[in-house]
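S.K.: Shown below is the structure under consideration.
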Amino acid sequence: MAPPATPAAVLDELARRRMLIVSGKGGVGRTAVAAMLGLALARRGRRVLIATLGHDDRLAWMLGAPQLGDTPEQIHPGLSIQRVVPQVCIREYGALIMKSDRLSGAVFDNKIMRRLLRTIPGLDDFAVLGKLWHEACRARAYDAVIFDGPATGHLRYTLGVPQTILRTIPSGPLSREATLIRADMEDPAKIQAVLVGLPDRWPLTELGELAAHLRGELRVDLGAMIINGLWPAGLPALRPPAAGLDPEGLVAPVFATIAAVAQQRVRQDESLAAWLADERGAGRAPPPVLTLPWRWPGLAGLGDIQAILEGAAAG
């Protein structure tokens, strides 16, 4: 099936998923994209939870809330936010697996057991992934969960933990859960990844490598790639004025700046076009691509996230 043709259609399609995993390298705007997607899905009538691993309150203030808590808090109609803490997730997810808060407390509140649990590779990541998967796909506490996930390298590890558990741990509660999680991760109607990158050739190449790993090794479908930080387009090609027209040299620097911005946008467009051509040439069908503009003043709060969303939806 051909990817949706318009940004609004891409967002409509993403809104049908139960879980979206947002990732990319550090500094590319993952949290801002997660906030934008949360607003987009809530506006489409979905009950949405945005869960982040971030230690600060950026997700909260981007959406107009004062701070981010360790439990879900509804901040807008249909939209809740939460910071996910691995140790909390281990205890909560343990209770879900054991079907007993009392038994979970006896295990996870015991110092000796906590030391033993720390020897299980990837348990923190599995608990976070499992808890969010449970809310999204099994309990259906929300129509959609958006996971503002770890950066590129750690994401590959996190999403690969269910496979590692199935390879290394004998049959039991963890293996049963890993089987269920992996099955849903491989179902594009339920879970998709949304990758965020910058419009330069090397970052795009790294993003393509991550996409190939997700599709090939982990069998996680890609809902969209969001390319952040495009400079303004359509700027005029201005030549510096003659010296006689600008004797104090005030206009020439302005014209030079405009020309530099225009050239940078041309380079970005060329990098994106070349990368898409390489992907198609290698037999890989790129997912839908959304582009977001560079915001010179940065992000100051909810109004900026709303503006980004409206610009993205308008295409």
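Numbering starts fresh at 1 for the residues of each chain in the structure tokens, the chains themselves are lettered A, B, ... in the order given, and ligands are numbered from 1 as they appear.
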Need the shell around region 85-89 of chain A: protein/DNA/RNA residues with any atom at most 10 Å away, counting only C-alpha atoms. Skip same-chain ones fewer than 6 positions apart. Format as a count of residues only?

M.R.: 21

S.K.: Pick out each residue of region 17-240 of chain A that DSSP on the backbone tags as strand (DSSP E); I need them as an MDAnalysis selection string.

M.R.: chainID A and resid 19:23 48:52 73:76 79:83 144:148 191:197 222:230

S.K.: Generate the output file for the selected residues, C-alpha atoms, as a tab-separated table (two decimals), in the first residue's frame.

M.R.:
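What ended up in selection-v6.tsv:
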```tsv
chain	number	residue	atom	x	y	z
A	19	MET	CA	1.83	2.57	20.42
A	20	LEU	CA	4.28	4.89	18.71
A	21	ILE	CA	7.96	4.72	19.60
A	22	VAL	CA	9.74	8.02	18.89
A	23	SER	CA	13.53	7.95	18.55
A	48	VAL	CA	-3.24	9.54	24.62
A	49	LEU	CA	-0.40	9.00	27.08
A	50	ILE	CA	3.02	10.47	26.28
A	51	ALA	CA	5.66	8.70	28.36
A	52	THR	CA	9.25	9.93	28.44
A	73	GLU	CA	-1.42	13.23	34.69
A	74	GLN	CA	-4.04	14.55	32.30
A	75	ILE	CA	-3.05	18.05	31.19
A	76	HIS	CA	-5.42	18.55	28.26
A	79	LEU	CA	-3.84	13.95	26.72
A	80	SER	CA	-1.80	12.71	29.68
A	81	ILE	CA	1.95	12.80	30.31
A	82	GLN	CA	4.31	10.81	32.52
A	83	ARG	CA	7.98	10.28	33.28
A	144	ALA	CA	-2.49	5.28	22.12
A	145	VAL	CA	0.79	5.45	24.02
A	146	ILE	CA	3.60	7.59	22.63
A	147	PHE	CA	6.97	6.51	23.99
A	148	ASP	CA	9.53	9.32	23.88
A	191	ILE	CA	3.03	-0.60	16.99
A	192	GLN	CA	5.18	1.60	14.77
A	193	ALA	CA	8.36	3.61	15.16
A	194	VAL	CA	8.61	7.30	14.31
A	195	LEU	CA	12.20	8.34	13.65
A	196	VAL	CA	13.41	11.92	13.97
A	197	GLY	CA	16.48	13.31	12.22
A	222	LEU	CA	8.10	2.58	10.48
A	223	GLY	CA	5.12	4.89	10.60
A	224	ALA	CA	7.03	8.01	9.54
A	225	MET	CA	10.35	9.77	9.44
A	226	ILE	CA	10.24	13.34	10.66
A	227	ILE	CA	13.02	15.57	9.38
A	228	ASN	CA	13.46	18.49	11.73
A	229	GLY	CA	15.26	21.78	11.27
A	230	LEU	CA	14.66	22.78	7.65
```

S.K.: Neighbouring residues of Ala15 (chain A) were defined as those with any atom within 8 Å, considering only C-alpha atoms; residues of the same chain fewer than 6 positions away were excluded. Please report them as a PyMOL selection string.

M.R.: chain A and resi 40-41+44+46+144

S.K.: With N, CA and C atoms kept, could you save the residues just selected as a tab-separated table (two decimals), in the first residue's frame?

M.R.:
```tsv
chain	number	residue	atom	x	y	z
A	40	ALA	N	-1.61	15.95	18.26
A	40	ALA	CA	-2.28	15.56	17.02
A	40	ALA	C	-3.26	14.43	17.25
A	41	LEU	N	-2.86	13.42	18.02
A	41	LEU	CA	-3.73	12.28	18.27
A	41	LEU	C	-4.89	12.66	19.18
A	44	ARG	N	-7.63	14.23	17.44
A	44	ARG	CA	-8.39	13.28	16.64
A	44	ARG	C	-9.26	12.38	17.51
A	46	ARG	N	-8.45	10.71	20.29
A	46	ARG	CA	-7.80	9.58	20.96
A	46	ARG	C	-7.44	9.95	22.40
A	144	ALA	N	-3.84	5.27	22.70
A	144	ALA	CA	-2.49	5.28	22.12
A	144	ALA	C	-1.49	5.72	23.17
```

S.K.: Compare A:Gly24, A:Pro7, A:Gly149, A:Pro287 by their minimum atom-to-atom distance to Glu206 (chain A), counting only C-alpha atoms, and give me the closest one.

M.R.: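 Closest residue, counting only C-alpha atoms: A:Gly24.
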
S.K.: Rank A:Ile90, A:Arg284, A:Ala259, A:Ala243 by their smallest atom-to-atom distance to Glu209 (chain A), using only C-alpha atoms, and report the top residue only.

M.R.: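 Looking at the shortest contact to Glu209 (chain A), the residue is A:Arg284.
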
S.K.: Set the distance at 8 Å and use only C-alpha atoms: which residues neighbour Pro240 (chain A) once local chain neighbours fewer than 6 positions away are removed? I'd like the list as an MDAnalysis selection string.

M.R.: chainID A and resid 251:252 255:256
